[in-house]
file model23.cif (mmCIF, C-alpha atoms and all ligand atoms)
data_query
#
loop_
_atom_site.label_atom_id
_atom_site.label_comp_id
_atom_site.auth_asym_id
_atom_site.auth_seq_id
_atom_site.Cartn_x
_atom_site.Cartn_y
_atom_site.Cartn_z
CA MET A 58 4.62 -18.57 132.65
CA LEU A 59 5.09 -14.81 132.66
CA THR A 60 1.48 -13.66 132.84
CA GLY A 61 1.17 -10.48 134.89
CA LYS A 62 4.89 -9.70 134.67
CA THR A 63 6.17 -6.45 133.21
CA ILE A 64 9.54 -6.84 131.58
CA ILE A 65 11.74 -4.09 130.23
CA LEU A 66 13.91 -5.29 127.38
CA GLY A 67 16.80 -2.89 126.79
CA VAL A 68 18.37 -3.14 123.35
CA THR A 69 21.69 -1.45 122.63
CA GLY A 70 23.67 -0.90 119.41
CA CYS A 71 25.09 -4.24 118.36
CA ILE A 72 24.49 -6.55 115.42
CA ALA A 73 23.00 -9.10 117.87
CA ALA A 74 20.04 -6.70 118.32
CA TYR A 75 18.10 -8.66 115.70
CA LYS A 76 18.12 -11.70 118.00
CA SER A 77 16.35 -9.62 120.65
CA ALA A 78 13.30 -9.57 118.39
CA TYR A 79 12.97 -13.34 118.97
CA LEU A 80 13.37 -12.77 122.69
CA ALA A 81 10.70 -10.03 122.68
CA SER A 82 8.36 -12.36 120.82
CA ALA A 83 8.98 -15.32 123.18
CA LEU A 84 8.48 -13.18 126.29
CA THR A 85 5.24 -11.74 124.89
CA LYS A 86 3.97 -15.21 123.96
CA ALA A 87 4.71 -16.36 127.52
CA GLY A 88 2.29 -13.70 128.76
CA ALA A 89 4.65 -10.88 129.76
CA ASP A 90 3.93 -7.22 129.14
CA VAL A 91 7.16 -6.37 127.31
CA HIS A 92 8.39 -2.79 126.98
CA VAL A 93 11.37 -2.34 124.73
CA VAL A 94 13.72 0.56 125.35
CA MET A 95 16.32 1.08 122.63
CA THR A 96 19.39 3.24 122.41
CA LYS A 97 19.63 5.42 119.31
CA ASN A 98 22.46 3.21 118.03
CA ALA A 99 20.29 0.10 118.39
CA THR A 100 17.74 1.61 116.00
CA GLU A 101 20.46 1.52 113.31
CA PHE A 102 20.36 -2.29 113.52
CA VAL A 103 16.63 -3.02 114.07
CA GLY A 104 13.72 -0.65 113.66
CA PRO A 105 11.47 0.12 116.66
CA HIS A 106 8.48 -0.96 114.55
CA THR A 107 9.70 -4.56 114.66
CA PHE A 108 9.55 -4.58 118.45
CA GLU A 109 6.27 -2.66 118.51
CA ALA A 110 4.64 -5.24 116.23
CA LEU A 111 5.97 -8.10 118.37
CA THR A 112 5.12 -6.69 121.81
CA GLY A 113 2.09 -4.48 121.09
CA ASN A 114 3.77 -1.71 123.11
CA ARG A 115 5.35 1.51 121.99
CA VAL A 116 9.16 1.42 121.95
CA SER A 117 10.96 4.15 123.88
CA VAL A 118 14.13 5.64 122.50
CA ASP A 119 14.34 9.31 123.36
CA THR A 120 13.91 10.66 126.91
CA PHE A 121 12.41 13.88 125.57
CA ASP A 122 9.83 12.54 123.15
CA ARG A 123 7.25 15.35 122.97
CA ASN A 124 4.64 13.15 121.30
CA TYR A 125 4.12 10.81 124.17
CA GLU A 126 2.30 10.84 127.48
CA HIS A 127 2.70 13.52 130.12
CA LYS A 128 3.94 11.33 132.97
CA THR A 129 7.69 11.05 133.38
CA GLU A 130 7.93 7.99 131.24
CA HIS A 131 11.24 6.69 132.53
CA ILE A 132 9.89 6.63 136.09
CA SER A 133 6.50 5.10 135.32
CA LEU A 134 8.12 2.38 133.23
CA ALA A 135 10.75 1.70 135.90
CA ASP A 136 8.10 1.50 138.65
CA ALA A 137 6.03 -1.03 136.71
CA ALA A 138 8.93 -3.35 135.88
CA ASP A 139 9.34 -6.79 137.47
CA LEU A 140 12.60 -7.38 135.62
CA VAL A 141 14.99 -5.57 133.29
CA ILE A 142 17.04 -7.45 130.75
CA VAL A 143 19.48 -5.60 128.53
CA ALA A 144 20.28 -7.76 125.53
CA PRO A 145 22.51 -7.14 123.73
CA ALA A 146 24.47 -5.01 126.18
CA THR A 147 27.41 -3.18 124.60
CA ALA A 148 30.60 -2.31 126.49
CA ASN A 149 29.44 1.32 126.45
CA SER A 150 26.05 0.56 128.00
CA LEU A 151 27.61 -1.66 130.70
CA ALA A 152 30.00 1.17 131.56
CA LYS A 153 27.07 3.57 131.90
CA PHE A 154 25.02 1.20 134.07
CA ALA A 155 28.05 0.50 136.28
CA HIS A 156 28.69 4.19 136.91
CA GLY A 157 25.19 5.60 137.13
CA ILE A 158 25.38 7.61 133.93
CA ALA A 159 21.87 8.42 132.72
CA ASP A 160 22.11 10.25 129.42
CA ASP A 161 19.48 8.53 127.32
CA MET A 162 16.17 6.75 127.83
CA LEU A 163 17.61 3.28 128.49
CA SER A 164 20.31 4.31 130.98
CA THR A 165 17.79 6.59 132.73
CA VAL A 166 15.15 3.85 133.03
CA VAL A 167 17.74 1.35 134.24
CA LEU A 168 18.95 3.76 136.93
CA ALA A 169 15.38 4.30 138.10
CA CYS A 170 14.60 0.55 138.33
CA ASP A 171 14.82 -1.24 141.66
CA CYS A 172 13.73 -4.64 140.30
CA PRO A 173 16.15 -7.50 139.40
CA LYS A 174 18.35 -6.66 136.43
CA MET A 175 20.25 -8.79 133.98
CA ALA A 176 22.46 -8.09 130.98
CA ALA A 177 23.77 -10.15 128.10
CA PRO A 178 27.09 -8.57 127.03
CA ALA A 179 27.74 -8.79 123.30
CA MET A 180 30.80 -7.26 121.68
CA ASN A 181 34.18 -7.87 120.09
CA THR A 182 36.30 -10.34 122.12
CA LYS A 183 39.02 -7.80 122.92
CA MET A 184 36.45 -5.29 124.10
CA TYR A 185 34.83 -7.96 126.26
CA LEU A 186 38.11 -9.16 127.76
CA ASN A 187 39.41 -5.61 128.29
CA GLU A 188 39.89 -5.13 132.00
CA VAL A 189 37.78 -1.97 131.96
CA THR A 190 34.79 -3.96 130.69
CA GLN A 191 35.55 -6.83 133.09
CA ASP A 192 35.75 -4.34 135.98
CA ASN A 193 32.42 -2.84 134.97
CA ILE A 194 30.87 -6.31 134.83
CA GLY A 195 32.31 -6.97 138.30
CA ILE A 196 30.77 -3.73 139.59
CA LEU A 197 27.37 -4.63 138.15
CA LYS A 198 27.54 -8.12 139.69
CA ASN A 199 28.30 -6.50 143.05
CA TYR A 200 25.20 -4.37 142.61
CA GLY A 201 23.23 -7.60 142.15
CA TRP A 202 23.01 -7.68 138.36
CA GLU A 203 22.94 -11.10 136.76
CA ILE A 204 25.42 -11.05 133.89
CA LEU A 205 24.81 -13.78 131.33
CA ASP A 206 28.10 -15.08 130.00
CA PRO A 207 28.54 -14.45 126.28
CA ALA A 208 28.93 -17.48 124.05
CA SER A 209 32.13 -18.07 122.10
CA GLY A 210 32.19 -18.25 118.34
CA ARG A 211 32.61 -16.29 115.17
CA LEU A 212 31.82 -12.62 115.70
CA ALA A 213 30.51 -10.08 113.21
CA CYS A 214 33.93 -8.36 113.18
CA GLY A 215 35.46 -11.57 111.74
CA THR A 216 37.33 -12.66 114.89
CA SER A 217 36.50 -15.60 117.07
CA GLY A 218 36.17 -15.81 120.88
CA PRO A 219 33.82 -14.86 123.70
CA GLY A 220 31.48 -11.99 122.86
CA ARG A 221 28.49 -13.51 121.09
CA MET A 222 25.13 -12.85 122.64
CA PRO A 223 23.62 -16.15 123.86
CA GLU A 224 20.75 -17.46 121.73
CA PRO A 225 17.28 -16.02 122.49
CA GLU A 226 16.14 -19.36 124.00
CA VAL A 227 18.94 -19.15 126.58
CA LEU A 228 17.99 -15.55 127.42
CA PHE A 229 14.32 -16.50 127.63
CA GLU A 230 15.11 -19.28 130.08
CA ALA A 231 17.15 -16.90 132.22
CA VAL A 232 14.20 -14.47 132.36
CA VAL A 233 11.76 -17.25 133.25
CA HIS A 234 14.16 -18.44 135.94
CA ALA A 235 14.35 -14.94 137.43
CA ALA A 236 10.78 -13.72 137.03
CA ALA A 237 8.35 -16.54 136.42
CA HIS A 238 7.46 -17.73 139.86
CA GLU A 239 7.07 -16.71 143.47
CA LYS A 240 10.27 -17.55 145.31
CA ASP A 241 8.49 -19.89 147.71
CA MET A 242 11.44 -22.32 147.78
CA HIS A 243 13.96 -19.66 148.74
CA GLY A 244 16.42 -20.97 151.34
CA LEU A 245 15.84 -24.64 150.44
CA LYS A 246 18.55 -26.91 149.08
CA VAL A 247 17.21 -29.30 146.48
CA LEU A 248 19.00 -32.25 144.90
CA VAL A 249 17.58 -33.61 141.65
CA THR A 250 18.85 -36.52 139.58
CA ALA A 251 18.09 -36.87 135.89
CA GLY A 252 18.78 -38.95 132.83
CA PRO A 253 20.00 -42.51 132.36
CA THR A 254 23.21 -44.09 133.55
CA ARG A 255 25.60 -45.98 131.30
CA GLU A 256 27.20 -49.21 132.43
CA ALA A 257 30.29 -50.02 130.43
CA LEU A 258 30.82 -53.44 128.93
CA ASP A 259 34.08 -52.60 127.23
CA PRO A 260 35.64 -49.32 125.95
CA VAL A 261 33.12 -49.28 123.07
CA ARG A 262 29.81 -50.52 124.46
CA PHE A 263 27.51 -49.85 127.36
CA ILE A 264 24.09 -50.76 128.74
CA THR A 265 21.63 -47.91 129.21
CA ASN A 266 17.92 -47.00 128.90
CA HIS A 267 15.74 -44.53 127.01
CA SER A 268 15.64 -41.74 129.62
CA SER A 269 16.18 -38.33 127.98
CA GLY A 270 16.53 -36.43 131.27
CA THR A 271 13.74 -33.99 130.31
CA MET A 272 11.62 -34.57 133.43
CA GLY A 273 14.54 -34.23 135.85
CA TYR A 274 15.84 -31.09 134.12
CA ALA A 275 12.35 -29.55 134.21
CA ILE A 276 12.12 -30.25 137.96
CA ALA A 277 15.58 -28.76 138.59
CA LYS A 278 14.73 -25.62 136.60
CA ALA A 279 11.35 -25.21 138.26
CA ALA A 280 12.87 -25.53 141.75
CA ALA A 281 15.54 -22.96 140.84
CA ALA A 282 12.89 -20.62 139.41
CA ARG A 283 11.10 -20.88 142.76
CA GLY A 284 14.22 -19.71 144.55
CA ALA A 285 15.77 -23.02 145.68
CA LYS A 286 19.48 -23.69 145.51
CA VAL A 287 19.56 -26.65 143.16
CA THR A 288 22.12 -29.35 142.48
CA LEU A 289 21.37 -31.52 139.49
CA VAL A 290 23.22 -34.83 139.25
CA SER A 291 22.87 -35.69 135.60
CA GLY A 292 23.53 -38.82 133.63
CA PRO A 293 24.58 -38.43 129.97
CA VAL A 294 21.86 -36.40 128.20
CA ALA A 295 21.66 -34.03 125.24
CA LEU A 296 20.05 -31.16 127.17
CA THR A 297 21.41 -27.64 127.75
CA LYS A 298 22.75 -27.19 131.26
CA PRO A 299 21.19 -24.11 132.88
CA SER A 300 23.90 -21.69 134.07
CA TYR A 301 22.07 -21.03 137.35
CA ILE A 302 22.05 -24.68 138.43
CA ASP A 303 25.00 -26.59 139.85
CA VAL A 304 25.17 -29.53 137.44
CA VAL A 305 27.27 -32.57 138.38
CA ASP A 306 27.83 -34.81 135.37
CA VAL A 307 28.08 -38.54 135.97
CA THR A 308 28.05 -41.57 133.71
CA SER A 309 27.59 -44.79 135.68
CA ALA A 310 25.27 -45.80 138.53
CA LYS A 311 28.34 -45.98 140.79
CA GLU A 312 29.31 -42.38 139.94
CA MET A 313 25.73 -41.28 140.54
CA TYR A 314 25.71 -43.12 143.86
CA ASP A 315 28.86 -41.29 145.01
CA ALA A 316 27.69 -37.88 143.74
CA VAL A 317 24.26 -38.20 145.35
CA THR A 318 25.13 -39.80 148.68
CA SER A 319 27.89 -37.25 149.34
CA ARG A 320 25.52 -34.31 148.71
CA ALA A 321 22.15 -35.52 149.97
CA PRO A 322 22.89 -35.02 153.70
CA TYR A 323 23.01 -31.25 153.05
CA CYS A 324 19.73 -31.12 151.12
CA ASP A 325 16.17 -30.45 152.27
CA ILE A 326 14.49 -32.13 149.31
CA VAL A 327 15.82 -34.95 147.12
CA ILE A 328 13.98 -35.86 143.92
CA LYS A 329 15.35 -38.91 142.14
CA ALA A 330 14.02 -38.69 138.59
CA ALA A 331 17.04 -40.49 137.11
CA ALA A 332 16.57 -43.89 135.49
CA VAL A 333 19.44 -45.64 137.23
CA ALA A 334 20.63 -48.95 135.82
CA ASP A 335 19.75 -51.81 138.17
CA TYR A 336 22.44 -54.05 136.71
CA ARG A 337 25.91 -53.58 135.26
CA PRO A 338 28.26 -55.99 133.52
CA ALA A 339 30.09 -58.00 136.20
CA VAL A 340 33.36 -57.57 134.30
CA VAL A 341 34.34 -54.56 132.23
CA ALA A 342 36.75 -55.62 129.52
CA ASP A 343 39.86 -53.44 129.09
CA GLU A 344 39.84 -54.00 125.36
CA LYS A 345 37.00 -54.24 122.88
CA ILE A 346 35.32 -57.64 123.19
CA LYS A 347 35.83 -59.55 119.93
CA LYS A 348 33.69 -62.24 118.39
CA ALA A 349 34.89 -65.77 119.19
CA ALA A 350 37.57 -66.78 116.65
CA ASP A 351 35.94 -70.15 115.96
CA GLY A 352 32.64 -68.49 115.01
CA SER A 353 30.82 -70.06 117.97
CA ASP A 354 28.41 -68.16 120.22
CA ALA A 355 30.50 -68.96 123.29
CA ASP A 356 30.78 -65.29 124.32
CA THR A 357 27.16 -64.26 124.03
CA VAL A 358 26.17 -64.69 127.66
CA LEU A 359 26.59 -61.50 129.63
CA GLN A 360 27.24 -61.77 133.36
CA LEU A 361 25.55 -58.94 135.25
CA GLU A 362 25.69 -57.77 138.84
CA ARG A 363 23.36 -55.50 140.80
CA THR A 364 24.16 -51.80 141.19
CA ASP A 365 23.66 -50.24 144.61
CA ASP A 366 20.21 -48.70 145.08
CA ILE A 367 20.90 -45.01 145.65
CA LEU A 368 17.43 -44.10 146.80
CA ALA A 369 17.24 -46.99 149.24
CA ALA A 370 20.55 -45.82 150.73
CA LEU A 371 19.13 -42.29 151.10
CA GLY A 372 15.99 -43.73 152.72
CA ARG A 373 18.14 -45.52 155.30
CA GLU A 374 20.30 -42.49 156.07
CA ARG A 375 17.69 -39.73 155.82
CA ARG A 376 17.85 -36.95 158.33
CA ASP A 377 14.89 -35.35 160.11
CA GLY A 378 12.87 -33.00 157.95
CA GLN A 379 14.39 -34.19 154.70
CA PHE A 380 11.83 -34.94 151.97
CA LEU A 381 12.59 -37.88 149.68
CA CYS A 382 10.74 -38.29 146.40
CA GLY A 383 11.44 -41.20 144.06
CA PHE A 384 10.23 -41.93 140.56
CA SER A 385 8.88 -45.22 139.39
CA MET A 386 8.64 -46.24 135.76
CA GLU A 387 6.52 -49.30 135.16
CA THR A 388 4.88 -51.20 132.33
CA GLN A 389 2.21 -52.92 134.42
CA ASN A 390 0.63 -52.78 137.90
CA VAL A 391 1.96 -49.22 138.02
CA LEU A 392 0.40 -48.12 141.31
CA GLU A 393 0.89 -51.36 143.27
CA ASN A 394 4.53 -51.73 142.21
CA SER A 395 5.24 -48.07 142.90
CA ARG A 396 3.60 -48.14 146.32
CA ARG A 397 5.79 -51.11 147.21
CA LYS A 398 8.89 -49.06 146.35
CA LEU A 399 7.62 -46.16 148.48
CA PHE A 400 7.68 -48.36 151.60
CA LYS A 401 10.70 -50.45 150.68
CA LYS A 402 12.88 -47.39 150.13
CA ASN A 403 11.40 -45.37 153.05
CA LEU A 404 10.24 -42.44 150.87
CA ASP A 405 7.80 -39.59 151.47
CA MET A 406 6.49 -39.73 147.93
CA ILE A 407 6.92 -41.68 144.73
CA ALA A 408 5.93 -40.33 141.33
CA ALA A 409 4.58 -43.23 139.30
CA ASN A 410 4.45 -43.19 135.51
CA SER A 411 3.84 -45.77 132.87
CA ILE A 412 5.90 -46.29 129.74
CA ARG A 413 2.82 -47.90 128.16
CA GLU A 414 0.71 -44.75 128.31
CA GLU A 415 0.70 -42.52 125.25
CA GLY A 416 2.22 -39.08 125.90
CA ALA A 417 3.94 -40.26 129.07
CA GLY A 418 7.33 -41.56 130.14
CA PHE A 419 10.71 -41.49 128.42
CA GLY A 420 11.33 -39.02 125.64
CA ALA A 421 7.75 -37.67 125.47
CA GLY A 422 7.19 -33.90 125.82
CA THR A 423 4.33 -34.57 128.19
CA ASN A 424 3.97 -36.93 131.12
CA HIS A 425 1.32 -38.29 133.44
CA LEU A 426 2.29 -38.78 137.08
CA THR A 427 0.44 -40.30 139.97
CA LEU A 428 2.00 -39.16 143.23
CA ILE A 429 1.80 -41.78 145.94
CA THR A 430 2.39 -41.05 149.63
CA ALA A 431 1.74 -43.27 152.67
CA ASP A 432 -1.93 -42.25 152.77
CA GLU A 433 -2.72 -40.47 149.50
CA GLU A 434 -2.78 -40.88 145.74
CA ILE A 435 -2.69 -37.65 143.74
CA ASP A 436 -3.38 -37.98 140.06
CA LEU A 437 -1.74 -35.06 138.24
CA PRO A 438 -3.00 -34.05 134.79
CA LYS A 439 -1.17 -35.10 131.63
CA VAL A 440 0.64 -31.87 130.76
CA ASP A 441 4.03 -30.89 129.39
CA LYS A 442 6.94 -31.78 131.62
CA GLU A 443 7.74 -28.14 132.47
CA GLU A 444 4.26 -27.56 133.86
CA LEU A 445 4.20 -30.96 135.53
CA ALA A 446 7.45 -30.12 137.35
CA TYR A 447 5.72 -27.13 138.98
CA LEU A 448 2.72 -29.26 139.98
CA LEU A 449 4.98 -31.90 141.51
CA LEU A 450 6.85 -29.24 143.50
CA ASP A 451 3.50 -27.75 144.66
CA GLU A 452 2.58 -31.12 146.14
CA ILE A 453 5.98 -31.60 147.75
CA MET A 454 5.87 -28.09 149.25
CA LYS A 455 2.40 -28.76 150.72
CA ARG A 456 3.68 -31.85 152.51
CA ARG A 457 7.12 -30.97 153.82
N1 LIG A 501 16.93 -45.95 141.89
C1 LIG A 501 18.11 -45.68 142.52
N2 LIG A 501 19.18 -46.53 142.39
C2 LIG A 501 19.06 -47.65 141.67
C3 LIG A 501 17.84 -47.96 141.02
C4 LIG A 501 16.78 -47.08 141.16
O1 LIG A 501 18.21 -44.65 143.20
N3 LIG A 501 20.11 -48.44 141.55
C5 LIG A 501 15.82 -45.00 142.07
C6 LIG A 501 15.38 -44.32 140.80
O2 LIG A 501 16.08 -43.10 140.61
C7 LIG A 501 13.91 -44.08 141.06
C8 LIG A 501 13.51 -45.20 141.98
O3 LIG A 501 14.71 -45.71 142.53
O4 LIG A 501 13.69 -42.86 141.74
C9 LIG A 501 12.74 -46.31 141.37
O5 LIG A 501 13.42 -46.83 140.28
P1 LIG A 501 12.83 -48.03 139.41
O6 LIG A 501 13.88 -48.47 138.43
O7 LIG A 501 11.48 -47.70 138.89
O8 LIG A 501 12.61 -49.12 140.49
P2 LIG A 501 13.54 -50.16 141.14
O9 LIG A 501 13.60 -49.89 142.58
O10 LIG A 501 14.84 -50.22 140.42
O11 LIG A 501 12.72 -51.51 140.94
P3 LIG A 501 12.42 -52.37 139.60
O12 LIG A 501 13.56 -52.11 138.67
O13 LIG A 501 12.34 -53.74 140.11
O14 LIG A 501 11.12 -51.85 139.08
#
call {"tool": "encode", "arguments": {"input": "model23.cif", "output": "structure tokens", "more": "lines below"}}
Ligand code: CTP
result
Amino acid sequence: MLTGKTIILGVTGCIAAYKSAYLASALTKAGADVHVVMTKNATEFVGPHTFEALTGNRVSVDTFDRNYEHKTEHISLADAADLVIVAPATANSLAKFAHGIADDMLSTVVLACDCPKMAAPAMNTKMYLNEVTQDNIGILKNYGWEILDPASGRLACGTSGPGRMPEPEVLFEAVVHAAAHEKDMHGLKVLVTAGPTREALDPVRFITNHSSGTMGYAIAKAAAARGAKVTLVSGPVALTKPSYIDVVDVTSAKEMYDAVTSRAPYCDIVIKAAAVADYRPAVVADEKIKKAADGSDADTVLQLERTDDILAALGRERRDGQFLCGFSMETQNVLENSRRKLFKKNLDMIAANSIREEGAGFGAGTNHLTLITADEEIDLPKVDKEELAYLLLDEIMKRR
């Protein structure tokens, strides 16, 4: 994902510095050329050797290291960088970056970098909430820095509140989002739906399906990484919501209908990966439904009614130039059934997948999609859903 990218990872003096070792490792494994620049204080928490072993590159600490190359290192490093991430970023380092102070290797490199920059503040809650720190964060945001909100929780100083550095996986995702792909979808508004819907039967029970939301989330993240402005209408799932995507949480098919139809007119591309319930209980009981008192099975028949087809509504109302892509999950006659839906719902493309195929469909890490358009069938390889999301977007971008 990050092959060919040069990333500068700035590490400042905070106990969270040890977590940056995981980040350095993940970035390197993803193909990036990672150069770690540490403040002197950071070396009190983690040794430079740790980062050197993980990245294969020498760690810079001192601006005036006499044992290293003749070129002005801070400039050559800054010129090569595609992205800078400072994690953890202390209050002191944020203050320096905000005011152009360059008194050590990291602050000097950062000042010399004209690539995208991001920072993950990590400090005591009072230091973080102090208006001086908040003002400095505001200044950095105005300069175009992406500031990753700290998590809340127990801090090393014994207090609790915002100030914890987000987990390395969250930081890794933010880097991938910023640096992994050409921004060929910049300027496009994309609406993605993901996950199942839940149709209530009573306050305790509901009807749903096995969708985990993984495919839809991967598509939303990939579109955002390619520069699109993404809205993700999500049914109930157990996935982390990316901070850089506008996520609209819904529960029922009706809520999804309202959320999607009110937003779709403003979108260039709509991808409906959600597994929307086709039926809901005709009556939703106010109280928990109890077994019949006489022990009979009188209450075991469930009356259902159809939900509105969201995609069909979008197909009827579509505006010129809008690209509509549906998903179709089948157990048999996958291509024929899916092609029928393509025409019936007036779509540009339908991504067909089979629940019967191993390594495909709900819950699997991988998937196999056949993309069907009015005159083509494109069989994508069975790969993990993240990669597949990029391939799907490639095909959509070729055709819109
Ligand atoms: N879909 C929708 N609203 C519904 C049902 C489905 O928008 N009420 C969308 C899904 O998000 C998906 C596509 O329609 O993109 C196809 O869904 P699928 O359940 O496979 O097909 P259906 O049209 O519901 O047909 P059937 O259940 O008969 O297979």
call {"tool": "atom_distance", "arguments": {"input": "model23.cif", "atom1": "CA of Gln379 in chain A", "atom2": "atom O13 of ligand LIG 501 (chain A)"}}
result
24.5 Å
call {"tool": "residues_near_ligand", "arguments": {"input": "model23.cif", "ligand": "ligand LIG 501 (chain A)", "cutoff": "6 Å", "atoms": "all atoms listed in the file", "output": "list in words"}}
result
Lys329, Ala330, Ala331, Ala332, Val333, Ala334, Asp335, Thr364, Asp365, Asp366, Ile367, Leu368, Gly383, Phe384, Ser385 and Met386 of chain A
call {"tool": "atom_distance", "arguments": {"input": "model23.cif", "atom1": "CA of Glu203 in chain A", "atom2": "CA of Ala282 in chain A"}}
result
14.1 Å
call {"tool": "residues_around", "arguments": {"input": "model23.cif", "residues": "Ile264 in chain A", "least_positions_apart": "5", "cutoff": "7 Å", "atoms": "all atoms listed in the file", "output": "PyMOL selection string"}}
result
chain A and resi 255-257
call {"tool": "residues_around", "arguments": {"input": "model23.cif", "residues": "Leu448 in chain A", "least_positions_apart": "2", "cutoff": "12 Å", "atoms": "all atoms listed in the file", "output": "PyMOL selection string"}}
result
chain A and resi 275-276+279-280+408+424-428+435-446+450-455
call {"tool": "residues_around", "arguments": {"input": "model23.cif", "residues": "Val317 in chain A", "least_positions_apart": "2", "cutoff": "10 Å", "atoms": "only C-alpha atoms", "output": "list in words"}}
result
Leu248, Val249, Thr250, Thr288, Leu289, Val290, Val305, Lys311, Glu312, Met313, Tyr314, Asp315, Ser319, Arg320, Ala321, Pro322, Val327, Lys329, Ile367, Leu368 and Leu371 of chain A
call {"tool": "atom_distance", "arguments": {"input": "model23.cif", "atom1": "CA of Glu224 in chain A", "atom2": "CA of Thr423 in chain A"}}
result
24.6 Å
call {"tool": "residues_around", "arguments": {"input": "model23.cif", "residues": "Gln360 in chain A", "least_positions_apart": "2", "cutoff": "9 Å", "atoms": "all atoms listed in the file", "output": "VMD selection string"}}
result
chain A and resid 337 to 340 358 362
call {"tool": "closest_residue", "arguments": {"input": "model23.cif", "among": "A:Ala89, A:Ala138, A:Ala81, A:Ile326", "to": "Gly61 in chain A", "atoms": "all atoms listed in the file"}}
result
A:Ala89
call {"tool": "residues_around", "arguments": {"input": "model23.cif", "residues": "Trp202 in chain A", "least_positions_apart": "6", "cutoff": "10 Å", "atoms": "all atoms listed in the file", "output": "ChimeraX atom specification"}}
result
/A:141-142,155,172-176,194-196
call {"tool": "closest_residue", "arguments": {"input": "model23.cif", "among": "A:Gly201, A:Gly113, A:Gly273, A:Gly67", "to": "Val166 in chain A", "atoms": "all atoms listed in the file"}}
result
A:Gly67
